[in-house]
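Colleague: I'm passing along final_2.cif; it holds mmCIF, C-alpha atoms and all ligand atoms.
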data_query
loop_
_atom_site.group_PDB
_atom_site.id
_atom_site.type_symbol
_atom_site.label_atom_id
_atom_site.label_comp_id
_atom_site.auth_asym_id
_atom_site.auth_seq_id
_atom_site.Cartn_x
_atom_site.Cartn_y
_atom_site.Cartn_z
ATOM 1 C CA MET G 6 5.721 -22.927 81.899
ATOM 2 C CA ALA G 7 8.865 -24.658 80.643
ATOM 3 C CA LYS G 8 8.353 -28.032 79.035
ATOM 4 C CA LYS G 9 9.572 -31.050 80.955
ATOM 5 C CA ILE G 10 11.411 -33.434 78.649
ATOM 6 C CA THR G 11 12.366 -37.018 79.417
ATOM 7 C CA ILE G 12 14.843 -38.757 77.175
ATOM 8 C CA ILE G 13 14.695 -42.523 77.554
ATOM 9 C CA GLY G 14 17.988 -44.070 76.453
ATOM 10 C CA GLY G 15 20.922 -41.813 77.278
ATOM 11 C CA GLY G 16 23.265 -43.282 74.654
ATOM 12 C CA ASN G 17 24.863 -41.525 71.640
ATOM 13 C CA LEU G 18 21.716 -39.986 70.240
ATOM 14 C CA GLY G 19 19.883 -39.408 73.526
ATOM 15 C CA THR G 20 22.746 -37.428 75.062
ATOM 16 C CA ALA G 21 23.375 -35.531 71.804
ATOM 17 C CA ILE G 22 19.713 -34.450 71.744
ATOM 18 C CA ALA G 23 19.797 -33.461 75.431
ATOM 19 C CA GLN G 24 22.965 -31.370 75.043
ATOM 20 C CA GLY G 25 21.783 -29.922 71.728
ATOM 21 C CA LEU G 26 18.480 -28.766 73.216
ATOM 22 C CA VAL G 27 20.331 -26.915 75.976
ATOM 23 C CA LYS G 28 22.960 -25.454 73.630
ATOM 24 C CA SER G 29 20.268 -24.158 71.274
ATOM 25 C CA LYS G 30 18.361 -22.771 74.295
ATOM 26 C CA MET G 31 15.294 -24.845 73.397
ATOM 27 C CA ALA G 32 15.274 -26.241 76.956
ATOM 28 C CA LYS G 33 17.028 -25.904 80.295
ATOM 29 C CA SER G 34 19.105 -28.864 81.466
ATOM 30 C CA THR G 35 17.210 -28.831 84.766
ATOM 31 C CA ASP G 36 13.996 -29.517 82.798
ATOM 32 C CA ILE G 37 15.482 -32.600 81.135
ATOM 33 C CA ILE G 38 15.538 -36.094 82.623
ATOM 34 C CA ILE G 39 17.759 -38.680 80.956
ATOM 35 C CA THR G 40 17.301 -42.357 81.753
ATOM 36 C CA ARG G 41 19.362 -45.450 81.095
ATOM 37 C CA ARG G 42 19.890 -48.690 83.000
ATOM 38 C CA ASN G 43 23.562 -48.053 83.706
ATOM 39 C CA LEU G 44 24.237 -44.409 84.523
ATOM 40 C CA THR G 45 28.001 -44.640 85.039
ATOM 41 C CA LYS G 46 28.795 -43.584 81.451
ATOM 42 C CA ILE G 47 26.720 -40.395 81.719
ATOM 43 C CA GLU G 48 27.462 -39.359 85.335
ATOM 44 C CA HIS G 49 29.270 -36.278 83.946
ATOM 45 C CA LEU G 50 25.939 -34.916 82.652
ATOM 46 C CA LYS G 51 24.828 -34.325 86.243
ATOM 47 C CA LYS G 52 27.325 -31.446 86.430
ATOM 48 C CA GLU G 53 25.614 -29.893 83.390
ATOM 49 C CA GLY G 54 22.337 -29.855 85.365
ATOM 50 C CA PHE G 55 20.541 -32.821 83.787
ATOM 51 C CA GLN G 56 18.555 -35.154 86.021
ATOM 52 C CA LEU G 57 19.666 -38.751 85.589
ATOM 53 C CA LYS G 58 17.461 -41.737 86.441
ATOM 54 C CA THR G 59 17.386 -45.477 85.976
ATOM 55 C CA ASN G 60 13.657 -45.638 86.683
ATOM 56 C CA ASN G 61 11.731 -44.992 83.448
ATOM 57 C CA ILE G 62 8.338 -44.883 85.166
ATOM 58 C CA GLU G 63 9.502 -42.090 87.456
ATOM 59 C CA GLY G 64 11.082 -40.462 84.422
ATOM 60 C CA VAL G 65 7.898 -40.266 82.363
ATOM 61 C CA LYS G 66 5.539 -39.324 85.233
ATOM 62 C CA ASN G 67 5.679 -35.531 84.942
ATOM 63 C CA ALA G 68 7.099 -35.216 81.444
ATOM 64 C CA ASP G 69 5.421 -33.185 78.694
ATOM 65 C CA LEU G 70 7.591 -34.767 76.014
ATOM 66 C CA ILE G 71 9.083 -38.248 76.093
ATOM 67 C CA VAL G 72 11.857 -38.934 73.602
ATOM 68 C CA LEU G 73 12.588 -42.599 72.952
ATOM 69 C CA CYS G 74 16.258 -43.208 72.083
ATOM 70 C CA VAL G 75 16.776 -46.921 72.756
ATOM 71 C CA GLN G 76 17.838 -49.522 70.183
ATOM 72 C CA PRO G 77 14.980 -51.015 68.101
ATOM 73 C CA LYS G 78 15.220 -54.421 69.826
ATOM 74 C CA GLN G 79 14.891 -52.722 73.253
ATOM 75 C CA LEU G 80 11.687 -50.861 72.388
ATOM 76 C CA ALA G 81 8.978 -53.468 73.016
ATOM 77 C CA ALA G 82 10.154 -54.187 76.590
ATOM 78 C CA LEU G 83 10.520 -50.476 77.278
ATOM 79 C CA LEU G 84 7.011 -49.639 76.055
ATOM 80 C CA ALA G 85 5.572 -52.531 78.092
ATOM 81 C CA GLU G 86 7.298 -51.021 81.144
ATOM 82 C CA ILE G 87 6.052 -47.430 80.713
ATOM 83 C CA VAL G 88 2.732 -47.887 78.911
ATOM 84 C CA SER G 89 0.487 -47.645 81.965
ATOM 85 C CA SER G 90 2.278 -44.455 83.101
ATOM 86 C CA LEU G 91 1.694 -42.580 79.823
ATOM 87 C CA SER G 92 -1.108 -40.034 79.435
ATOM 88 C CA SER G 93 -2.717 -38.785 76.242
ATOM 89 C CA LYS G 94 -1.524 -35.249 77.138
ATOM 90 C CA GLN G 95 2.103 -36.267 76.676
ATOM 91 C CA ILE G 96 3.825 -36.354 73.294
ATOM 92 C CA LEU G 97 5.905 -39.419 72.469
ATOM 93 C CA VAL G 98 8.836 -38.750 70.147
ATOM 94 C CA SER G 99 10.517 -41.818 68.674
ATOM 95 C CA THR G 100 13.951 -41.642 67.084
ATOM 96 C CA ILE G 101 14.047 -45.397 66.639
ATOM 97 C CA THR G 102 15.065 -46.515 63.175
ATOM 98 C CA GLY G 103 12.631 -48.688 61.262
ATOM 99 C CA ILE G 104 9.753 -48.642 63.789
ATOM 100 C CA THR G 105 6.573 -47.027 62.472
ATOM 101 C CA THR G 106 4.226 -44.818 64.475
ATOM 102 C CA GLU G 107 1.543 -47.488 63.843
ATOM 103 C CA GLU G 108 3.750 -50.146 65.483
ATOM 104 C CA ILE G 109 4.391 -47.873 68.487
ATOM 105 C CA ALA G 110 0.676 -47.076 68.798
ATOM 106 C CA GLY G 111 0.036 -50.849 68.823
ATOM 107 C CA HIS G 112 1.903 -51.073 72.156
ATOM 108 C CA LEU G 113 -0.019 -48.202 73.799
ATOM 109 C CA GLN G 114 -3.200 -48.326 75.874
ATOM 110 C CA LYS G 115 -4.274 -44.730 75.210
ATOM 111 C CA LYS G 116 -4.275 -42.611 72.069
ATOM 112 C CA THR G 117 -1.027 -40.726 72.642
ATOM 113 C CA PRO G 118 0.371 -38.294 70.069
ATOM 114 C CA ILE G 119 3.425 -39.858 68.418
ATOM 115 C CA VAL G 120 6.069 -38.021 66.411
ATOM 116 C CA ARG G 121 8.713 -40.089 64.628
ATOM 117 C CA ALA G 122 12.044 -38.364 64.043
ATOM 118 C CA MET G 123 14.926 -39.498 61.854
ATOM 119 C CA PRO G 124 17.979 -37.364 62.635
ATOM 120 C CA ASN G 125 21.596 -38.031 61.663
ATOM 121 C CA THR G 126 24.801 -38.032 63.721
ATOM 122 C CA ALA G 127 25.450 -34.344 62.950
ATOM 123 C CA ILE G 128 22.786 -33.703 65.602
ATOM 124 C CA ALA G 129 25.716 -33.820 68.061
ATOM 125 C CA ILE G 130 26.909 -30.463 66.649
ATOM 126 C CA GLY G 131 23.477 -28.968 65.924
ATOM 127 C CA GLN G 132 23.735 -29.719 62.187
ATOM 128 C CA SER G 133 21.334 -32.621 61.797
ATOM 129 C CA MET G 134 19.001 -33.182 58.886
ATOM 130 C CA THR G 135 15.945 -34.500 60.660
ATOM 131 C CA CYS G 136 12.826 -35.818 58.926
ATOM 132 C CA LEU G 137 9.637 -35.965 60.978
ATOM 133 C CA CYS G 138 6.216 -37.555 60.640
ATOM 134 C CA ALA G 139 3.358 -37.865 63.104
ATOM 135 C CA LYS G 140 0.374 -39.945 64.172
ATOM 136 C CA ASP G 141 -2.509 -38.746 66.369
ATOM 137 C CA ALA G 142 -0.706 -35.421 66.892
ATOM 138 C CA THR G 143 -2.308 -32.035 66.249
ATOM 139 C CA SER G 144 -0.523 -29.678 63.883
ATOM 140 C CA LYS G 145 0.381 -27.606 66.970
ATOM 141 C CA GLN G 146 1.992 -30.620 68.661
ATOM 142 C CA LEU G 147 3.932 -31.515 65.502
ATOM 143 C CA GLU G 148 5.029 -27.875 65.185
ATOM 144 C CA GLU G 149 6.244 -27.966 68.791
ATOM 145 C CA ILE G 150 8.468 -30.979 68.095
ATOM 146 C CA LYS G 151 9.619 -29.490 64.789
ATOM 147 C CA ASN G 152 10.702 -26.342 66.674
ATOM 148 C CA LEU G 153 12.785 -28.475 69.046
ATOM 149 C CA PHE G 154 14.572 -30.268 66.195
ATOM 150 C CA ASP G 155 14.946 -26.960 64.281
ATOM 151 C CA GLY G 156 17.317 -26.009 67.096
ATOM 152 C CA LEU G 157 19.392 -29.091 66.260
ATOM 153 C CA GLY G 158 19.773 -28.512 62.519
ATOM 154 C CA GLN G 159 17.265 -28.509 59.668
ATOM 155 C CA THR G 160 13.956 -30.346 59.692
ATOM 156 C CA LEU G 161 11.466 -31.545 57.116
ATOM 157 C CA VAL G 162 8.013 -32.966 57.826
ATOM 158 C CA VAL G 163 7.408 -35.890 55.451
ATOM 159 C CA GLU G 164 4.826 -38.605 54.902
ATOM 160 C CA GLU G 165 5.644 -41.683 56.946
ATOM 161 C CA ARG G 166 6.075 -43.773 53.760
ATOM 162 C CA LEU G 167 9.225 -41.694 53.097
ATOM 163 C CA MET G 168 10.921 -42.373 56.437
ATOM 164 C CA LYS G 169 13.023 -45.264 55.091
ATOM 165 C CA ALA G 170 14.167 -43.109 52.182
ATOM 166 C CA ALA G 171 14.948 -40.365 54.718
ATOM 167 C CA THR G 172 17.050 -42.866 56.696
ATOM 168 C CA VAL G 173 19.133 -43.655 53.609
ATOM 169 C CA LEU G 174 19.494 -40.080 52.345
ATOM 170 C CA ALA G 175 20.114 -38.337 55.679
ATOM 171 C CA ALA G 176 21.379 -40.916 58.204
ATOM 172 C CA SER G 177 23.353 -43.217 55.847
ATOM 173 C CA GLY G 178 24.070 -40.070 53.851
ATOM 174 C CA ILE G 179 26.601 -39.027 56.487
ATOM 175 C CA ALA G 180 28.684 -42.105 55.571
ATOM 176 C CA PHE G 181 28.321 -41.434 51.848
ATOM 177 C CA PHE G 182 29.607 -37.847 52.164
ATOM 178 C CA MET G 183 32.382 -38.999 54.521
ATOM 179 C CA ARG G 184 33.583 -41.407 51.840
ATOM 180 C CA TYR G 185 33.687 -38.549 49.290
ATOM 181 C CA VAL G 186 35.749 -36.448 51.720
ATOM 182 C CA ARG G 187 38.110 -39.373 52.330
ATOM 183 C CA ALA G 188 38.554 -40.012 48.590
ATOM 184 C CA ALA G 189 39.214 -36.309 47.944
ATOM 185 C CA THR G 190 41.738 -36.369 50.798
ATOM 186 C CA GLN G 191 43.544 -39.294 49.180
ATOM 187 C CA GLY G 192 43.666 -37.365 45.887
ATOM 188 C CA GLY G 193 45.041 -34.363 47.772
ATOM 189 C CA ILE G 194 47.764 -36.461 49.391
ATOM 190 C CA GLN G 195 48.807 -37.811 45.983
ATOM 191 C CA MET G 196 49.108 -34.195 44.749
ATOM 192 C CA GLY G 197 51.427 -33.259 47.624
ATOM 193 C CA PHE G 198 49.450 -32.209 50.716
ATOM 194 C CA ASP G 199 49.935 -34.047 53.956
ATOM 195 C CA ALA G 200 46.882 -36.000 55.150
ATOM 196 C CA GLU G 201 45.733 -33.403 57.689
ATOM 197 C CA GLU G 202 45.911 -30.505 55.234
ATOM 198 C CA ALA G 203 44.219 -32.524 52.489
ATOM 199 C CA GLN G 204 41.348 -33.485 54.818
ATOM 200 C CA LEU G 205 40.870 -29.894 55.967
ATOM 201 C CA ILE G 206 40.718 -28.688 52.357
ATOM 202 C CA ALA G 207 38.346 -31.488 51.321
ATOM 203 C CA ALA G 208 36.006 -31.127 54.320
ATOM 204 C CA GLN G 209 35.829 -27.316 54.246
ATOM 205 C CA THR G 210 35.251 -27.420 50.475
ATOM 206 C CA ALA G 211 32.399 -29.917 50.963
ATOM 207 C CA LYS G 212 30.947 -27.632 53.667
ATOM 208 C CA GLY G 213 31.310 -24.599 51.392
ATOM 209 C CA ALA G 214 29.606 -26.379 48.477
ATOM 210 C CA ALA G 215 26.684 -27.463 50.674
ATOM 211 C CA SER G 216 26.438 -23.975 52.222
ATOM 212 C CA LEU G 217 26.258 -22.373 48.769
ATOM 213 C CA LEU G 218 23.210 -24.518 47.981
ATOM 214 C CA LEU G 219 21.559 -23.980 51.363
ATOM 215 C CA SER G 220 22.187 -20.255 51.747
ATOM 216 C CA ARG G 221 21.473 -19.279 48.139
ATOM 217 C CA GLU G 222 18.834 -21.930 47.463
ATOM 218 C CA SER G 223 20.882 -22.466 44.335
ATOM 219 C CA HIS G 224 21.051 -25.539 42.050
ATOM 220 C CA PRO G 225 24.192 -27.736 41.886
ATOM 221 C CA GLU G 226 24.510 -27.351 38.092
ATOM 222 C CA ILE G 227 24.420 -23.524 38.379
ATOM 223 C CA GLU G 228 27.287 -23.653 40.896
ATOM 224 C CA ILE G 229 29.160 -26.192 38.721
ATOM 225 C CA ASP G 230 28.831 -23.948 35.634
ATOM 226 C CA LYS G 231 30.440 -21.125 37.643
ATOM 227 C CA VAL G 232 33.646 -23.093 38.248
ATOM 228 C CA THR G 233 34.001 -24.924 34.929
ATOM 229 C CA THR G 234 36.067 -22.718 32.605
ATOM 230 C CA PRO G 235 35.929 -23.788 28.932
ATOM 231 C CA GLU G 236 38.791 -26.206 28.217
ATOM 232 C CA GLY G 237 39.744 -25.932 31.913
ATOM 233 C CA CYS G 238 40.895 -28.403 34.512
ATOM 234 C CA THR G 239 37.582 -28.582 36.459
ATOM 235 C CA ILE G 240 35.471 -29.707 33.506
ATOM 236 C CA ALA G 241 38.200 -32.168 32.477
ATOM 237 C CA GLY G 242 38.177 -33.749 35.946
ATOM 238 C CA LEU G 243 34.399 -33.652 36.278
ATOM 239 C CA ASN G 244 33.802 -35.271 32.886
ATOM 240 C CA GLU G 245 36.337 -38.001 33.691
ATOM 241 C CA MET G 246 34.501 -38.673 36.988
ATOM 242 C CA GLU G 247 31.239 -38.997 35.042
ATOM 243 C CA HIS G 248 32.867 -41.285 32.421
ATOM 244 C CA GLN G 249 33.892 -43.440 35.397
ATOM 245 C CA GLY G 250 30.252 -43.430 36.542
ATOM 246 C CA LEU G 251 30.311 -41.066 39.551
ATOM 247 C CA SER G 252 26.647 -39.961 39.475
ATOM 248 C CA SER G 253 25.505 -43.432 38.495
ATOM 249 C CA ALA G 254 27.538 -45.071 41.294
ATOM 250 C CA LEU G 255 26.079 -42.663 43.863
ATOM 251 C CA ILE G 256 22.492 -43.209 42.725
ATOM 252 C CA LYS G 257 23.002 -46.991 42.586
ATOM 253 C CA GLY G 258 24.537 -46.960 46.087
ATOM 254 C CA ILE G 259 21.595 -44.982 47.476
ATOM 255 C CA ILE G 260 19.082 -47.310 45.829
ATOM 256 C CA THR G 261 20.986 -50.403 47.080
ATOM 257 C CA SER G 262 20.783 -49.007 50.641
ATOM 258 C CA PHE G 263 17.076 -48.361 50.100
ATOM 259 C CA GLU G 264 16.482 -51.913 48.841
ATOM 260 C CA LYS G 265 18.395 -53.255 51.843
ATOM 261 C CA ILE G 266 16.426 -51.193 54.373
ATOM 262 C CA ASN G 267 13.195 -52.380 52.751
ATOM 263 C CA SER G 268 14.288 -56.021 53.019
ATOM 264 C CA ILE G 269 15.374 -55.903 56.680
ATOM 265 C CA LYS G 270 13.070 -58.082 58.749
ATOM 266 C CA LYS G 271 12.370 -57.011 62.339
HETATM 267 N N1 LIG G 301 22.983 -42.425 66.402
HETATM 268 C C1 LIG G 301 22.294 -41.784 65.466
HETATM 269 O O1 LIG G 301 22.745 -40.827 64.849
HETATM 270 C C2 LIG G 301 20.892 -42.180 65.123
HETATM 271 C C3 LIG G 301 20.244 -41.553 64.062
HETATM 272 C C4 LIG G 301 18.936 -41.874 63.818
HETATM 273 C C5 LIG G 301 18.277 -42.788 64.610
HETATM 274 N N2 LIG G 301 18.933 -43.411 65.602
HETATM 275 C C6 LIG G 301 18.213 -44.370 66.471
HETATM 276 O O2 LIG G 301 18.320 -43.903 67.796
HETATM 277 C C7 LIG G 301 18.307 -45.000 68.702
HETATM 278 C C8 LIG G 301 19.484 -44.872 69.669
HETATM 279 O O3 LIG G 301 20.697 -44.898 68.937
HETATM 280 P P1 LIG G 301 22.083 -44.673 69.670
HETATM 281 O O4 LIG G 301 23.114 -44.636 68.613
HETATM 282 O O5 LIG G 301 21.966 -43.530 70.607
HETATM 283 O O6 LIG G 301 22.181 -46.051 70.495
HETATM 284 P P2 LIG G 301 22.928 -46.338 71.901
HETATM 285 O O7 LIG G 301 24.125 -45.459 72.017
HETATM 286 O O8 LIG G 301 23.071 -47.810 71.999
HETATM 287 O O9 LIG G 301 21.879 -45.845 72.978
HETATM 288 C C9 LIG G 301 20.808 -46.597 73.445
HETATM 289 C C10 LIG G 301 20.717 -46.337 74.922
HETATM 290 O O10 LIG G 301 19.500 -46.874 75.420
HETATM 291 C C11 LIG G 301 19.767 -47.269 76.772
HETATM 292 N N3 LIG G 301 18.702 -48.212 77.126
HETATM 293 C C12 LIG G 301 18.491 -49.454 76.662
HETATM 294 N N4 LIG G 301 17.406 -49.994 77.221
HETATM 295 C C13 LIG G 301 16.917 -49.063 78.065
HETATM 296 C C14 LIG G 301 15.801 -49.026 78.935
HETATM 297 N N5 LIG G 301 14.960 -50.062 79.063
HETATM 298 N N6 LIG G 301 15.599 -47.904 79.649
HETATM 299 C C15 LIG G 301 16.432 -46.838 79.548
HETATM 300 N N7 LIG G 301 17.492 -46.821 78.746
HETATM 301 C C16 LIG G 301 17.737 -47.921 78.014
HETATM 302 C C17 LIG G 301 21.155 -47.863 76.720
HETATM 303 O O11 LIG G 301 21.843 -47.741 77.944
HETATM 304 P P3 LIG G 301 21.804 -48.874 79.074
HETATM 305 O O12 LIG G 301 22.252 -50.137 78.423
HETATM 306 O O13 LIG G 301 22.731 -48.335 80.122
HETATM 307 O O14 LIG G 301 20.377 -48.921 79.510
HETATM 308 C C18 LIG G 301 21.843 -46.958 75.711
HETATM 309 O O15 LIG G 301 22.534 -45.915 76.352
HETATM 310 C C19 LIG G 301 18.366 -46.267 67.860
HETATM 311 O O16 LIG G 301 17.064 -46.824 67.792
HETATM 312 C C20 LIG G 301 18.793 -45.776 66.500
HETATM 313 O O17 LIG G 301 18.222 -46.548 65.479
HETATM 314 C C21 LIG G 301 20.242 -43.122 65.900
#
Give the structure from this file in structure tokens form.
Ligand SMILES: NC(=O)c1ccc[n+]([C@@H]2O[C@H](COP(=O)([O-])OP(=O)(O)OC[C@H]3O[C@@H](n4cnc5c(N)ncnc54)[C@H](OP(=O)(O)O)[C@@H]3O)[C@@H](O)[C@H]2O)c1

Modeller:
Amino acid sequence: MAKKITIIGGGNLGTAIAQGLVKSKMAKSTDIIITRRNLTKIEHLKKEGFQLKTNNIEGVKNADLIVLCVQPKQLAALLAEIVSSLSSKQILVSTITGITTEEIAGHLQKKTPIVRAMPNTAIAIGQSMTCLCAKDATSKQLEEIKNLFDGLGQTLVVEERLMKAATVLAASGIAFFMRYVRAATQGGIQMGFDAEEAQLIAAQTAKGAASLLLSRESHPEIEIDKVTTPEGCTIAGLNEMEHQGLSSALIKGIITSFEKINSIKK
């Protein structure tokens, strides 16, 4: 029997997950309920076959999987609303940044399997890097959720203590790579390309570099050695970037984000 999925919070992430699950054939739109308080912004999803509801209790009643996609500050009120309608047979998937499985379990009345997922915005095009961890879930239940997110990009099951690091590396990471692409585009414009051409070259080159690592399971330095001719222009540019502190700046930026996420009070 097909799994019934309810996505609570049909905003950016919730709708991206819903559409991604259908596109990757992991679920049928008719088996997915999406809830939010104001449905006007997602009315168009009705035509795609999704069921839209404002009533969360109705939404969770017959669901096998419940995916929480509200903002962190909206979670406590939401859990208070649905808690008595949840059963221990359902799996709760939380995409909510910074909220631990332990904190979610603290709001529940029954021992419900909880899987925490940290995707990034590339989930909208099925190219997310999603880290997962679980509490009170069997390995089969975790595998089931992993399979769903595998259809939306790549997944990695990690210990929960690494979820903040995963947020920095994968979710904030989108911004870090975007800034590289923008800087490369600006360099390209200075060398004579117009902005659109320079961005295409920079973005496709970034995609190609990442794909070389992912498809060949190669190491960055091996791929760098292949394009750095002795006395050539690539090594000259690369060494100058390092003299200017490129690797150090990136590592320091990542660690600054990590320190910030660790200092954020709820
Ligand atoms: N965007 C990402 O790539 C990303 C990545 C990783 C994690 N996250 C996490 O995912 C969560 C959602 O992010 P987002 O960017 O999708 O935010 P968003 O666009 O603001 O979506 C949140 C949605 O929740 C709905 N909502 C709020 N209270 C509700 C309730 N009681 N019942 C039903 N729906 C309710 C809101 O709609 P109404 O106001 O109409 O109810 C809104 O559409 C956040 O916790 C974020 O930290 C996001």

Colleague: If the PyMOL selection byres (((not hetatm)) within 7 of (chain G and resi 301)) is run on the structure shown, which residues does it catch, given as an MDAnalysis selection string?

Modeller: chainID G and resid 13:19 40:44 59 61 74:77 79 82:83 100:102 123:126 176

Colleague: Show which residues sit within 10 Å of stretch 183-196 of chain G, as a PyMOL selection string. Count all atoms listed in the file, and ignore same-chain residues fewer than 5 positions away.

Modeller: chain G and resi 178+201-211

Colleague: Need the shell around stretch 130-143 of chain G: protein/DNA/RNA residues with any atom at most 8 Å away, counting all atoms listed in the file. Skip same-chain ones fewer than 6 positions apart. Format as a list in words?

Modeller: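 Skipping anything fewer than 6 positions along the chain leaves Gly25, Ser29, Ile96, Thr106, Glu107, Lys116, Thr117, Pro118, Ile119, Val120, Arg121, Ala122, Met123, Pro124, Lys151, Phe154, Gly156, Leu157, Gly158, Gln159, Thr160, Leu161, Val162, Val163, Glu164, Glu165, Met168, Ala171 and Ala175 of chain G.
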
Colleague: Could you check the closest approach to G:Glu86 for each of G:Gly64, G:Gly213, G:Gly103, G:Pro235 and tell me which residue wins, using only C-alpha atoms?

Modeller: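 Under the stated criterion, the closest residue is G:Gly64.
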
Colleague: Distance atom CA of G:Ala68-atom CA of G:Lys115, one decimal place?

Modeller: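 Distance reported for this atom pair: 16.1 Å.
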
Colleague: Which residues of stretch 160-204 of chain G sit at most 10 Å from stretch 256-263 of chain G, using only C-alpha atoms? Give each one's shortest atom pair and distance in Å (one decimal place), in chain and ascending residue order, as CSV.

Modeller:
residue,atom,partner,partner_atom,distance
G:Lys169,CA,G:Phe263,CA,7.1
G:Ala170,CA,G:Phe263,CA,6.4
G:Ala171,CA,G:Phe263,CA,9.5
G:Thr172,CA,G:Phe263,CA,8.6
G:Val173,CA,G:Phe263,CA,6.2
G:Leu174,CA,G:Ile259,CA,7.2
G:Ser177,CA,G:Ser262,CA,8.2
G:Gly178,CA,G:Ile259,CA,8.4
G:Phe181,CA,G:Ile259,CA,8.8

Colleague: May I have the centre and edge lengths, in Å to one decimal, of an axis-aligned box around the listed atoms of stretch 145-163 of chain G with 8 Å added to every side, as lines of an AutoDock Vina configuration file?

Modeller:
center_x = 10.1
center_y = -30.9
center_z = 62.2
size_x = 35.4
size_y = 25.9
size_z = 29.6

Colleague: For a test of reading the model, state the distance in Å between atom CA of G:Ala23 and atom CA of G:Ile150, rounded to one decimal.

Modeller: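 Straight-line distance from atom CA of G:Ala23 to atom CA of G:Ile150 works out to 13.7 Å.
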
Colleague: When you draw a straight line from atom CA of G:Ile71 to atom CA of G:Leu91, how long is it in Å?

Modeller: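 Between atom CA of G:Ile71 and atom CA of G:Leu91 the gap is 9.3 Å.
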
Colleague: Using all atoms listed in the file, which of the listed residues (G:His112, G:Lys231, G:Leu147, G:Ala129) sits closest to G:Leu217?

Modeller: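 Closest candidate: G:Lys231.
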
Colleague: Point out the residue among G:Thr11, G:Thr234, G:Thr239, G:Ser34 with the least atom-to-atom distance to G:Leu50, counting all atoms listed in the file.

Modeller: G:Ser34

Colleague: Which one of G:Asp69, G:Glu264, G:Asp199, G:Glu149 sits closest to G:Met31 if you count all atoms listed in the file?

Modeller: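 Looking only at the distances to G:Met31, the closest residue turns out to be G:Glu149.
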
Colleague: Looking at only C-alpha atoms, which of G:Ala127, G:Ile104, G:Gln114, G:Gly197 is the one that sits closest to G:Lys270?

Modeller: G:Ile104
